[in-house]
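> Data file coords.cif (mmCIF, C-alpha atoms) is appended below.
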data_protein
loop_
_atom_site.label_atom_id
_atom_site.label_comp_id
_atom_site.auth_asym_id
_atom_site.auth_seq_id
_atom_site.Cartn_x
_atom_site.Cartn_y
_atom_site.Cartn_z
CA MET A 20 -2.11 -67.25 -15.07
CA SER A 21 -1.53 -64.33 -12.70
CA VAL A 22 2.06 -63.46 -11.89
CA ASP A 23 3.18 -63.08 -8.26
CA TRP A 24 3.34 -59.38 -7.34
CA GLU A 25 7.04 -59.33 -6.47
CA GLU A 26 7.92 -61.32 -9.58
CA ALA A 27 5.91 -58.87 -11.71
CA ARG A 28 8.01 -55.99 -10.38
CA GLU A 29 11.23 -57.87 -11.13
CA LEU A 30 10.09 -58.68 -14.68
CA ALA A 31 9.19 -55.05 -15.33
CA TYR A 32 12.54 -53.78 -14.06
CA ALA A 33 14.54 -56.32 -16.07
CA ALA A 34 12.66 -55.39 -19.25
CA GLY A 35 13.35 -51.71 -18.73
CA ARG A 36 17.00 -52.23 -17.86
CA ALA A 37 17.56 -54.28 -21.01
CA ALA A 38 16.00 -51.51 -23.13
CA ALA A 39 17.75 -48.50 -21.56
CA GLY A 40 18.98 -46.08 -24.22
CA ALA A 41 22.54 -44.97 -24.89
CA ALA A 42 24.05 -42.20 -22.80
CA GLU A 43 23.78 -38.60 -23.94
CA PRO A 44 25.55 -35.45 -22.73
CA VAL A 45 23.39 -32.82 -21.01
CA ALA A 46 24.47 -29.40 -19.77
CA LEU A 47 24.53 -29.12 -15.97
CA PRO A 48 21.49 -26.80 -15.67
CA ASP A 49 19.40 -29.30 -17.67
CA ALA A 50 20.53 -32.43 -15.81
CA ASP A 51 18.14 -32.18 -12.86
CA GLY A 52 15.95 -35.29 -12.70
CA ARG A 53 18.13 -37.31 -15.06
CA THR A 54 20.34 -40.31 -14.17
CA LEU A 55 24.12 -40.68 -14.29
CA ALA A 56 25.16 -43.01 -17.11
CA GLU A 57 28.78 -43.09 -15.92
CA PRO A 58 30.41 -42.53 -12.53
CA LEU A 59 30.96 -38.96 -11.40
CA ARG A 60 34.69 -38.66 -10.68
CA ALA A 61 36.71 -35.81 -9.25
CA LEU A 62 38.56 -34.05 -12.07
CA THR A 63 41.10 -32.66 -9.60
CA ASP A 64 41.78 -32.74 -5.87
CA LEU A 65 39.02 -31.07 -3.87
CA PRO A 66 40.01 -28.54 -2.82
CA ALA A 67 42.65 -28.15 -5.50
CA PHE A 68 44.85 -25.96 -3.24
CA PRO A 69 45.09 -25.13 0.48
CA THR A 70 42.07 -22.94 1.15
CA SER A 71 41.40 -20.55 4.02
CA SER A 72 38.24 -21.17 6.03
CA ILE A 73 38.37 -17.74 7.72
CA ASP A 74 38.94 -14.04 7.27
CA GLY A 75 42.11 -13.11 9.11
CA TRP A 76 45.86 -13.53 8.83
CA ALA A 77 48.20 -16.19 7.48
CA VAL A 78 51.24 -16.02 9.75
CA ARG A 79 54.78 -17.37 9.93
CA GLY A 80 57.06 -17.55 12.94
CA PRO A 81 56.49 -15.97 16.38
CA LYS A 82 54.29 -12.91 16.91
CA PRO A 83 54.04 -10.02 16.46
CA TRP A 84 53.82 -10.31 12.69
CA ARG A 85 54.55 -7.66 10.10
CA PRO A 86 51.94 -7.55 7.30
CA VAL A 87 53.57 -7.98 3.89
CA GLY A 88 50.51 -8.25 1.67
CA ARG A 89 46.99 -9.47 1.11
CA VAL A 90 45.55 -12.50 -0.66
CA LEU A 91 41.95 -12.63 -1.82
CA ALA A 92 39.85 -15.47 -3.20
CA GLY A 93 40.70 -16.12 -6.82
CA HIS A 94 44.33 -14.99 -6.56
CA VAL A 95 47.60 -16.87 -6.24
CA ALA A 96 49.30 -16.22 -2.91
CA PRO A 97 53.02 -15.40 -2.94
CA PRO A 98 54.96 -17.53 -0.42
CA LEU A 99 55.70 -16.35 3.11
CA THR A 100 59.48 -16.65 3.34
CA ASP A 101 60.43 -14.72 6.50
CA ASP A 102 59.59 -15.43 10.14
CA GLY A 103 57.58 -12.70 11.84
CA THR A 104 55.57 -11.87 8.71
CA CYS A 105 51.93 -12.32 7.75
CA VAL A 106 49.45 -11.61 4.98
CA GLU A 107 45.83 -10.64 5.30
CA ILE A 108 43.71 -13.48 3.94
CA ALA A 109 40.05 -13.86 2.94
CA THR A 110 37.78 -16.87 3.25
CA GLY A 111 38.25 -19.11 0.23
CA ALA A 112 41.64 -17.67 -0.62
CA MET A 113 44.74 -19.75 -1.31
CA VAL A 114 46.91 -20.22 1.82
CA PRO A 115 50.47 -19.13 0.95
CA VAL A 116 53.34 -21.59 1.03
CA GLY A 117 55.30 -21.09 4.25
CA ALA A 118 52.29 -20.13 6.39
CA GLU A 119 52.31 -21.92 9.73
CA ALA A 120 48.92 -20.88 11.10
CA LEU A 121 45.83 -18.78 10.45
CA VAL A 122 44.58 -16.23 12.97
CA ARG A 123 40.98 -15.05 12.83
CA VAL A 124 40.53 -11.34 12.38
CA GLU A 125 38.32 -11.17 15.49
CA ALA A 126 41.08 -12.87 17.52
CA SER A 127 43.77 -10.41 16.39
CA THR A 128 44.97 -6.92 17.31
CA ARG A 129 47.30 -4.37 15.68
CA ASP A 130 49.61 -2.04 17.59
CA GLY A 131 50.61 1.49 16.72
CA ASP A 132 53.30 0.26 14.35
CA GLY A 133 50.80 -1.92 12.48
CA LEU A 134 52.17 -5.19 13.81
CA VAL A 135 49.65 -8.00 14.23
CA SER A 136 49.26 -10.11 17.37
CA GLY A 137 46.83 -12.89 18.17
CA GLU A 138 46.42 -16.57 18.86
CA PRO A 139 45.53 -19.31 16.38
CA ARG A 140 42.33 -21.05 17.34
CA ASN A 141 42.74 -24.27 19.27
CA GLY A 142 40.32 -27.11 18.70
CA TYR A 143 39.29 -29.75 16.21
CA VAL A 144 38.06 -27.37 13.50
CA PRO A 145 40.93 -26.59 11.09
CA GLU A 146 41.29 -23.05 9.84
CA TRP A 147 42.18 -24.16 6.34
CA ARG A 148 41.28 -27.04 4.08
CA GLN A 149 44.04 -29.21 2.69
CA PRO A 150 44.18 -30.31 -0.97
CA GLY A 151 42.22 -33.54 -1.44
CA GLU A 152 40.45 -33.19 1.90
CA GLU A 153 37.05 -33.72 0.24
CA ALA A 154 38.15 -35.89 -2.67
CA HIS A 155 41.25 -36.91 -4.59
CA LYS A 156 41.63 -36.62 -8.34
CA ASP A 157 39.86 -39.49 -10.19
CA GLU A 158 38.06 -40.63 -7.01
CA GLU A 159 34.53 -41.90 -7.69
CA LEU A 160 32.09 -39.56 -5.98
CA LEU A 161 28.80 -41.03 -7.22
CA PRO A 162 28.08 -44.31 -9.06
CA VAL A 163 26.26 -45.02 -12.29
CA GLY A 164 22.50 -44.96 -11.72
CA THR A 165 22.50 -42.02 -9.31
CA ALA A 166 19.43 -39.83 -9.69
CA ILE A 167 20.60 -36.29 -10.36
CA ASP A 168 19.26 -33.56 -8.09
CA PRO A 169 20.49 -30.01 -7.38
CA ALA A 170 23.05 -31.31 -4.87
CA VAL A 171 24.56 -33.65 -7.48
CA ILE A 172 24.67 -30.77 -9.96
CA GLY A 173 26.48 -28.70 -7.34
CA VAL A 174 29.10 -31.41 -6.78
CA ALA A 175 29.64 -31.73 -10.52
CA ALA A 176 30.06 -27.97 -10.88
CA THR A 177 32.55 -27.91 -8.00
CA CYS A 178 34.58 -30.57 -9.81
CA GLY A 179 34.62 -28.49 -12.99
CA TYR A 180 32.10 -30.34 -15.15
CA GLU A 181 30.22 -28.45 -17.87
CA SER A 182 27.92 -31.36 -18.74
CA LEU A 183 27.07 -34.87 -17.56
CA ASN A 184 26.52 -38.10 -19.47
CA VAL A 185 23.03 -39.26 -18.58
CA TYR A 186 20.45 -41.81 -19.66
CA PRO A 187 17.68 -40.51 -21.92
CA ARG A 188 14.46 -39.48 -20.23
CA PRO A 189 11.80 -41.98 -21.43
CA ARG A 190 8.99 -40.42 -23.42
CA ALA A 191 5.54 -41.52 -22.28
CA GLY A 192 2.03 -41.30 -23.64
CA LEU A 193 -1.43 -41.97 -22.23
CA LEU A 194 -4.57 -43.30 -23.92
CA VAL A 195 -7.82 -43.20 -21.99
CA PHE A 196 -10.29 -45.90 -23.02
CA GLY A 197 -14.04 -45.78 -22.33
CA ASP A 198 -16.89 -44.12 -24.23
CA GLU A 199 -18.75 -43.72 -20.94
CA LEU A 200 -16.24 -41.23 -19.52
CA LEU A 201 -16.86 -37.53 -19.17
CA THR A 202 -13.94 -35.14 -19.65
CA GLY A 203 -15.74 -32.22 -18.00
CA GLY A 204 -18.62 -31.44 -15.70
CA THR A 205 -20.17 -33.54 -12.96
CA PRO A 206 -20.97 -37.25 -13.28
CA GLY A 207 -24.51 -38.49 -13.75
CA ALA A 208 -26.97 -40.27 -16.03
CA GLY A 209 -24.80 -43.39 -16.21
CA ARG A 210 -21.56 -41.57 -17.01
CA VAL A 211 -18.56 -40.99 -14.76
CA ARG A 212 -15.87 -38.34 -14.87
CA ASP A 213 -12.45 -39.41 -16.14
CA SER A 214 -10.03 -39.07 -13.22
CA LEU A 215 -7.07 -40.91 -14.75
CA GLY A 216 -6.42 -38.68 -17.75
CA PRO A 217 -5.68 -35.69 -15.49
CA GLN A 218 -3.64 -37.57 -12.85
CA VAL A 219 -1.58 -40.28 -14.60
CA PRO A 220 0.77 -37.80 -16.37
CA GLY A 221 1.71 -36.37 -12.97
CA TRP A 222 2.59 -39.80 -11.62
CA LEU A 223 4.64 -40.55 -14.75
CA ARG A 224 6.62 -37.31 -14.40
CA ARG A 225 7.36 -38.13 -10.76
CA LEU A 226 8.71 -41.48 -11.94
CA GLY A 227 11.07 -39.76 -14.38
CA ALA A 228 9.16 -39.93 -17.66
CA SER A 229 8.64 -37.05 -20.06
CA ILE A 230 5.00 -36.46 -21.03
CA ASP A 231 3.17 -33.37 -22.22
CA ALA A 232 -0.43 -32.58 -23.07
CA SER A 233 -0.05 -33.63 -26.70
CA ALA A 234 0.80 -37.19 -25.56
CA VAL A 235 -2.54 -37.64 -23.76
CA ALA A 236 -5.54 -38.73 -25.83
CA GLY A 237 -9.05 -39.98 -25.23
CA PRO A 238 -11.52 -41.17 -24.45
CA VAL A 239 -10.71 -43.48 -27.37
CA GLN A 240 -13.79 -44.88 -29.10
CA ASP A 241 -14.68 -48.42 -28.02
CA THR A 242 -13.86 -50.12 -31.35
CA LEU A 243 -10.93 -52.28 -32.43
CA ASP A 244 -10.06 -49.94 -35.30
CA ALA A 245 -10.00 -46.90 -33.02
CA HIS A 246 -7.77 -48.71 -30.53
CA LEU A 247 -5.36 -49.81 -33.26
CA THR A 248 -5.12 -46.34 -34.76
CA ALA A 249 -4.60 -44.63 -31.40
CA LEU A 250 -2.00 -47.13 -30.18
CA ARG A 251 0.01 -47.11 -33.40
CA GLU A 252 0.23 -43.32 -33.29
CA ALA A 253 1.10 -43.23 -29.57
CA LEU A 254 3.77 -45.94 -29.87
CA SER A 255 5.40 -44.08 -32.78
CA LYS A 256 6.10 -41.14 -30.46
CA SER A 257 6.78 -42.73 -27.05
CA GLU A 258 8.88 -45.49 -25.50
CA LEU A 259 6.06 -46.17 -23.03
CA VAL A 260 2.32 -45.89 -23.56
CA CYS A 261 -0.09 -46.33 -20.67
CA THR A 262 -3.71 -47.17 -21.31
CA THR A 263 -6.59 -46.98 -18.85
CA GLY A 264 -9.37 -49.54 -18.82
CA GLY A 265 -10.03 -52.42 -21.17
CA THR A 266 -7.58 -54.84 -19.56
CA MET A 267 -10.22 -57.55 -19.07
CA HIS A 268 -12.23 -59.35 -21.77
CA GLY A 269 -15.55 -57.52 -21.63
CA PRO A 270 -17.80 -56.87 -24.64
CA VAL A 271 -16.10 -53.53 -25.44
CA ASP A 272 -12.56 -54.35 -24.19
CA HIS A 273 -10.36 -54.26 -27.29
CA LEU A 274 -6.89 -53.96 -25.75
CA HIS A 275 -5.93 -57.65 -25.97
CA PRO A 276 -7.00 -58.02 -29.66
CA THR A 277 -5.13 -54.79 -30.40
CA LEU A 278 -1.94 -56.12 -28.83
CA THR A 279 -2.26 -59.27 -30.92
CA GLU A 280 -2.54 -57.16 -34.09
CA LEU A 281 0.56 -55.22 -33.07
CA GLY A 282 2.64 -58.36 -32.54
CA ALA A 283 3.09 -57.57 -28.85
CA GLU A 284 4.79 -59.90 -26.37
CA TYR A 285 3.21 -60.10 -22.92
CA LEU A 286 5.72 -59.64 -20.12
CA VAL A 287 3.01 -59.64 -17.44
CA ASN A 288 -0.66 -60.45 -17.99
CA THR A 289 -2.56 -59.99 -14.73
CA VAL A 290 -0.90 -59.91 -11.33
CA ALA A 291 -1.88 -61.74 -8.14
CA VAL A 292 -2.57 -58.52 -6.21
CA ARG A 293 -5.66 -56.85 -4.79
CA PRO A 294 -6.78 -54.30 -5.78
CA GLY A 295 -5.53 -53.98 -9.34
CA PHE A 296 -5.02 -57.55 -10.56
CA PRO A 297 -6.11 -57.03 -14.24
CA MET A 298 -2.97 -55.05 -15.11
CA LEU A 299 -0.57 -55.94 -17.89
CA LEU A 300 2.78 -55.04 -19.42
CA ALA A 301 3.65 -55.83 -23.03
CA ARG A 302 6.65 -55.25 -25.26
CA VAL A 303 5.86 -54.04 -28.79
CA PRO A 304 8.31 -53.99 -31.73
CA GLY A 305 9.34 -50.43 -32.58
CA PRO A 306 9.91 -49.03 -36.08
CA ASP A 307 13.51 -48.11 -35.18
CA GLY A 308 14.38 -51.58 -33.90
CA ARG A 309 14.07 -50.56 -30.24
CA PRO A 310 11.16 -52.00 -28.27
CA ARG A 311 8.24 -49.97 -27.07
CA PHE A 312 6.26 -50.82 -23.94
CA LEU A 313 2.54 -50.75 -23.23
CA ALA A 314 1.29 -50.73 -19.66
CA GLY A 315 -2.38 -51.60 -19.40
CA LEU A 316 -3.84 -49.96 -16.29
CA PRO A 317 -7.22 -51.09 -14.96
CA GLY A 318 -10.06 -48.61 -15.29
CA ASN A 319 -10.76 -48.32 -11.56
CA PRO A 320 -8.68 -45.35 -10.35
CA GLN A 321 -6.98 -46.87 -7.29
CA SER A 322 -6.28 -50.05 -9.23
CA ALA A 323 -4.69 -47.98 -11.98
CA VAL A 324 -2.33 -46.29 -9.52
CA ILE A 325 -1.40 -49.68 -8.06
CA ALA A 326 -0.57 -50.85 -11.59
CA LEU A 327 1.57 -47.75 -12.07
CA ILE A 328 3.72 -48.35 -9.04
CA THR A 329 3.76 -52.13 -9.53
CA LEU A 330 4.79 -52.25 -13.20
CA VAL A 331 5.52 -48.76 -14.52
CA SER A 332 7.71 -47.60 -11.63
CA PRO A 333 10.26 -50.45 -11.96
CA LEU A 334 10.06 -50.34 -15.76
CA LEU A 335 10.95 -46.63 -15.80
CA ALA A 336 13.69 -47.17 -13.22
CA GLY A 337 15.23 -49.74 -15.56
CA LEU A 338 14.85 -47.54 -18.65
CA GLN A 339 16.67 -44.74 -16.82
CA GLY A 340 19.49 -47.00 -15.56
CA ARG A 341 18.47 -46.56 -11.93
CA PRO A 342 18.52 -49.27 -9.24
CA ALA A 343 15.35 -51.29 -8.84
CA PRO A 344 12.94 -49.64 -6.37
CA ARG A 345 13.20 -51.11 -2.88
CA LEU A 346 10.54 -51.40 -0.21
CA ALA A 347 10.91 -49.80 3.18
CA THR A 348 9.79 -51.52 6.40
CA VAL A 349 7.30 -49.86 8.75
CA GLU A 350 5.43 -50.78 11.91
CA LEU A 351 1.72 -51.16 11.36
CA THR A 352 -0.59 -49.35 13.77
CA GLY A 353 -3.78 -51.22 12.85
CA GLU A 354 -4.98 -54.52 11.45
CA VAL A 355 -4.92 -55.20 7.71
CA ARG A 356 -6.54 -58.39 6.49
CA GLY A 357 -4.99 -60.68 3.91
CA ARG A 358 -6.45 -61.44 0.50
CA GLY A 359 -6.00 -65.20 0.36
CA GLY A 360 -3.54 -66.21 -2.35
CA ASP A 361 -3.01 -62.64 -3.55
CA THR A 362 -0.79 -59.86 -2.24
CA HIS A 363 -2.85 -57.13 -0.58
CA LEU A 364 -1.78 -53.51 -1.04
CA ALA A 365 -3.52 -51.43 1.62
CA LEU A 366 -3.42 -47.62 1.60
CA ALA A 367 -1.72 -46.11 4.63
CA ARG A 368 -0.29 -42.87 6.01
CA LEU A 369 3.16 -42.61 7.53
CA ASP A 370 3.75 -40.94 10.87
CA HIS A 371 5.99 -37.87 11.13
CA ASP A 372 9.24 -39.87 11.24
CA GLY A 373 8.24 -42.42 8.60
CA ARG A 374 8.62 -45.42 10.89
CA SER A 375 5.00 -46.45 11.34
CA ALA A 376 1.99 -46.57 9.04
CA THR A 377 -1.72 -46.23 9.74
CA PRO A 378 -4.33 -47.68 7.35
CA VAL A 379 -6.70 -45.10 5.87
CA GLY A 380 -10.36 -45.35 4.96
CA HIS A 381 -12.21 -45.07 1.64
CA VAL A 382 -10.02 -47.66 -0.06
CA GLY A 383 -12.33 -49.23 -2.65
CA SER A 384 -10.65 -49.83 -6.00
CA ALA A 385 -12.90 -47.17 -7.60
CA MET A 386 -12.23 -44.62 -4.85
CA LEU A 387 -9.61 -41.87 -4.75
CA ARG A 388 -10.37 -40.24 -1.39
CA GLY A 389 -8.21 -42.72 0.50
CA LEU A 390 -5.41 -42.36 -2.03
CA SER A 391 -5.39 -38.59 -1.60
CA ASN A 392 -4.81 -39.04 2.15
CA ALA A 393 -2.13 -41.73 1.91
CA HIS A 394 1.64 -41.87 1.46
CA GLY A 395 1.63 -45.35 -0.06
CA PHE A 396 0.65 -48.96 0.54
CA VAL A 397 1.49 -51.51 3.19
CA VAL A 398 2.19 -54.90 1.62
CA VAL A 399 0.51 -58.00 3.03
CA ARG A 400 1.91 -61.09 1.39
CA PRO A 401 -0.28 -63.99 0.17
CA GLY A 402 -1.64 -66.28 2.84
CA THR A 403 -0.89 -63.85 5.69
CA GLU A 404 -2.63 -61.30 7.88
CA ALA A 405 -1.12 -58.17 9.42
CA ALA A 406 -1.80 -56.96 12.96
CA ALA A 407 -0.93 -53.79 14.86
CA GLY A 408 2.73 -53.88 15.83
CA ASP A 409 3.78 -56.06 12.89
CA LEU A 410 6.69 -54.95 10.72
CA VAL A 411 5.52 -54.93 7.10
CA PRO A 412 6.91 -53.78 3.73
CA PHE A 413 5.81 -50.34 2.56
CA LEU A 414 5.45 -49.26 -1.08
CA PRO A 415 5.57 -45.45 -1.27
CA LEU A 416 3.71 -43.30 -3.74
CA PRO A 417 6.06 -41.15 -5.84
CA LEU A 418 5.34 -37.96 -3.90
CA VAL A 419 7.17 -34.67 -4.01
CA THR A 420 9.04 -33.86 -0.78
CA GLY A 421 6.83 -31.92 1.60
CA GLU A 422 3.51 -33.19 0.28
CA ARG A 423 0.75 -34.41 2.60
CA PRO A 424 2.32 -33.54 5.96
#
What does this structure look like when you write it as structure tokens?


Amino acid sequence: MSVDWEEARELAYAAGRAAAGAAEPVALPDADGRTLAEPLRALTDLPAFPTSSIDGWAVRGPKPWRPVGRVLAGHVAPPLTDDGTCVEIATGAMVPVGAEALVRVEASTRDGDGLVSGEPRNGYVPEWRQPGEEAHKDEELLPVGTAIDPAVIGVAATCGYESLNVYPRPRAGLLVFGDELLTGGTPGAGRVRDSLGPQVPGWLRRLGASIDASAVAGPVQDTLDAHLTALREALSKSELVCTTGGTMHGPVDHLHPTLTELGAEYLVNTVAVRPGFPMLLARVPGPDGRPRFLAGLPGNPQSAVIALITLVSPLLAGLQGRPAPRLATVELTGEVRGRGGDTHLALARLDHDGRSATPVGHVGSAMLRGLSNAHGFVVVRPGTEAAAGDLVPFLPLPLVTGERP
């Protein structure tokens, strides 16, 4: 029996979360794209000492001030002990104990005797940062499950980290099923060009998995023995193996008998969604005691992508210790029909501010033209229709920032 689309996503996430690997330390430069396995905490106050925000003078007492030294970034400032004295100070330098104000160099003058005059800047912008202004020692800056990007790496470096404890990056593989598929040239004479072998690895990488060319194989011969051999090899190397095609029970569909031979447990076996309903997710015993996962993607290209973001996206989020993917809400600009008792995922483009979505054309399950012009899918729940002006859930494609303006 088909699983409700939302329930299928929840089952996939829970399975991944339960199978997430143990944390491992990774050097900061290599942490981009990984996920925090423990909270990021400040190792000291930020800043750790009073820090000048300007180039100018640290002064004490009434003007004019007699310069008694200079303090540069990276040096310890001696205290200012006498009224009427100052030190030249650089941006980022430690403000000396005893300083009462900072005067910008452009707001200062020096007389013939070298004495400094000027006025501290009035206003809400302070001229120096106080210890702990950004964070206090041991304060949690980012929680477990945060996706690490260059900004997170920068915060960690500022705190003094050399490495971060992160969840392992799941290894993925891809098996393309279908003797009828061409791997080169133009389609014709009853054969079609494989479009999933070249594109699925890119989607998997965007979802956080690690996959290289050696983990992609096919077309796999349409026999049970060939399927068994290919899947055993792929599962020995990867935590997740995606397959394309063969998810139904046609005369040359051997995926289900193969899963039976492997002792697999179905987590999801078909989903009440259109397009893409004949998708599946199974858990397979691994040789090291940890489970492996197989995601069966339908052979039609758009259906396969829907299976990826329905089952594989939440599974990989769970395996990486990330929060379950959430749906945004957008305003629909055109009508989208329902699909009876199934959830309908309809390709759509977002407007420039991401608040409204317009359905696109060329959306047959075997078509990719509509997919290449879309940012994701509007979600029409079972038994409903969607009209222009309705607020509907939106399932985004895992796109790189700046794509498809």

> List the residues matched by the PyMOL selection byres ((chain A and resi 373-377) around 8) in the displayed structure as a ChimeraX atom specification, ordered by chain and then by residue number.

/A:348-353,367-372,378-379,397

> Which neighbours of Leu274 of chain A fall inside 10 Å, counting all atoms listed in the file, when residues of the same chain fewer than 6 positions from it are skipped, and could you give them as a PyMOL selection string?

chain A and resi 196+241-243+246-247+250+262-268+280+315

> With all atoms listed in the file as the atoms that count, which of A:Pro417, A:Gly137, A:Pro276, A:Pro342 lies nearest to Leu55 of chain A?

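Once distances to Leu55 of chain A are computed over all atoms listed in the file, the minimum belongs to A:Pro342.
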
> Using the chain letters and residue numbers of this document, give as JSON, numbers by chain the residues selected by the PyMOL selection byres ((chain A and resi 220) around 12).

{"A": [190, 191, 192, 193, 194, 195, 214, 215, 216, 217, 218, 219, 221, 222, 223, 224, 225, 226, 227, 228, 229, 230, 231, 232, 233, 234, 235, 236, 259, 260, 261, 262, 324, 327]}

> Would you mind telling me which residue in A:Asp64, A:Asp51, A:Asp168, A:Asp409 lies nearest to His155 of chain A when using only C-alpha atoms?

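Nearest to His155 of chain A: A:Asp64.
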
> When you look at Pro150 of chain A with a cut-off of 6 Å (counting all atoms listed in the file), what residues show up, excluding the ones that are within fewer than 3 positions of it in the same chain? I need them as an NGL selection string.

:A and (64-69)

> Pull out every residue that the PyMOL selection byres ((chain A and resi 42-50) around 12) matches in the shown coordinates and put them as a PyMOL selection string.

chain A and resi 39-41+51-57+163-188+338-340

> My structure is short of atoms at segment 71-88 of chain A; please model N, CA and C atoms there, returning them as a PDB file, keeping the file's coordinate frame.


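The result, stored in rebuild_24.pdb:
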ATOM      1  N   SER A  71      41.741 -21.129   2.719  1.00  0.00           N
ATOM      2  CA  SER A  71      41.400 -20.550   4.020  1.00  0.00           C
ATOM      3  C   SER A  71      39.920 -20.714   4.322  1.00  0.00           C
ATOM      4  N   SER A  72      39.631 -21.074   5.570  1.00  0.00           N
ATOM      5  CA  SER A  72      38.240 -21.170   6.030  1.00  0.00           C
ATOM      6  C   SER A  72      37.796 -19.923   6.778  1.00  0.00           C
ATOM      7  N   ILE A  73      38.679 -18.921   6.894  1.00  0.00           N
ATOM      8  CA  ILE A  73      38.370 -17.740   7.720  1.00  0.00           C
ATOM      9  C   ILE A  73      38.829 -16.467   7.024  1.00  0.00           C
ATOM     10  N   ASP A  74      38.352 -15.351   7.538  1.00  0.00           N
ATOM     11  CA  ASP A  74      38.940 -14.040   7.270  1.00  0.00           C
ATOM     12  C   ASP A  74      39.917 -13.735   8.405  1.00  0.00           C
ATOM     13  N   GLY A  75      41.143 -13.385   8.049  1.00  0.00           N
ATOM     14  CA  GLY A  75      42.110 -13.110   9.110  1.00  0.00           C
ATOM     15  C   GLY A  75      43.510 -12.941   8.556  1.00  0.00           C
ATOM     16  N   TRP A  76      44.452 -13.682   9.172  1.00  0.00           N
ATOM     17  CA  TRP A  76      45.860 -13.530   8.830  1.00  0.00           C
ATOM     18  C   TRP A  76      46.516 -14.891   8.679  1.00  0.00           C
ATOM     19  N   ALA A  77      47.327 -15.029   7.628  1.00  0.00           N
ATOM     20  CA  ALA A  77      48.200 -16.190   7.480  1.00  0.00           C
ATOM     21  C   ALA A  77      49.568 -15.777   8.019  1.00  0.00           C
ATOM     22  N   VAL A  78      50.061 -16.487   9.020  1.00  0.00           N
ATOM     23  CA  VAL A  78      51.240 -16.020   9.750  1.00  0.00           C
ATOM     24  C   VAL A  78      52.366 -17.043   9.671  1.00  0.00           C
ATOM     25  N   ARG A  79      53.597 -16.510   9.876  1.00  0.00           N
ATOM     26  CA  ARG A  79      54.780 -17.370   9.930  1.00  0.00           C
ATOM     27  C   ARG A  79      55.675 -16.894  11.066  1.00  0.00           C
ATOM     28  N   GLY A  80      56.154 -17.872  11.852  1.00  0.00           N
ATOM     29  CA  GLY A  80      57.060 -17.550  12.940  1.00  0.00           C
ATOM     30  C   GLY A  80      56.332 -16.974  14.140  1.00  0.00           C
ATOM     31  N   PRO A  81      57.106 -16.496  15.143  1.00  0.00           N
ATOM     32  CA  PRO A  81      56.490 -15.970  16.380  1.00  0.00           C
ATOM     33  C   PRO A  81      55.910 -14.571  16.153  1.00  0.00           C
ATOM     34  N   LYS A  82      54.900 -14.239  16.962  1.00  0.00           N
ATOM     35  CA  LYS A  82      54.290 -12.910  16.910  1.00  0.00           C
ATOM     36  C   LYS A  82      55.208 -11.891  17.605  1.00  0.00           C
ATOM     37  N   PRO A  83      55.003 -10.608  17.390  1.00  0.00           N
ATOM     38  CA  PRO A  83      54.040 -10.020  16.460  1.00  0.00           C
ATOM     39  C   PRO A  83      54.509 -10.196  15.021  1.00  0.00           C
ATOM     40  N   TRP A  84      53.520 -10.067  14.091  1.00  0.00           N
ATOM     41  CA  TRP A  84      53.820 -10.310  12.690  1.00  0.00           C
ATOM     42  C   TRP A  84      53.692  -9.008  11.888  1.00  0.00           C
ATOM     43  N   ARG A  85      54.566  -8.850  10.972  1.00  0.00           N
ATOM     44  CA  ARG A  85      54.550  -7.660  10.100  1.00  0.00           C
ATOM     45  C   ARG A  85      53.794  -8.006   8.823  1.00  0.00           C
ATOM     46  N   PRO A  86      52.690  -7.291   8.533  1.00  0.00           N
ATOM     47  CA  PRO A  86      51.940  -7.550   7.300  1.00  0.00           C
ATOM     48  C   PRO A  86      52.799  -7.245   6.068  1.00  0.00           C
ATOM     49  N   VAL A  87      52.802  -8.185   5.119  1.00  0.00           N
ATOM     50  CA  VAL A  87      53.570  -7.980   3.890  1.00  0.00           C
ATOM     51  C   VAL A  87      52.696  -8.132   2.639  1.00  0.00           C
ATOM     52  N   GLY A  88      51.379  -8.162   2.846  1.00  0.00           N
ATOM     53  CA  GLY A  88      50.510  -8.250   1.670  1.00  0.00           C
ATOM     54  C   GLY A  88      49.120  -8.732   2.019  1.00  0.00           C
TER      55      GLY A  88
END
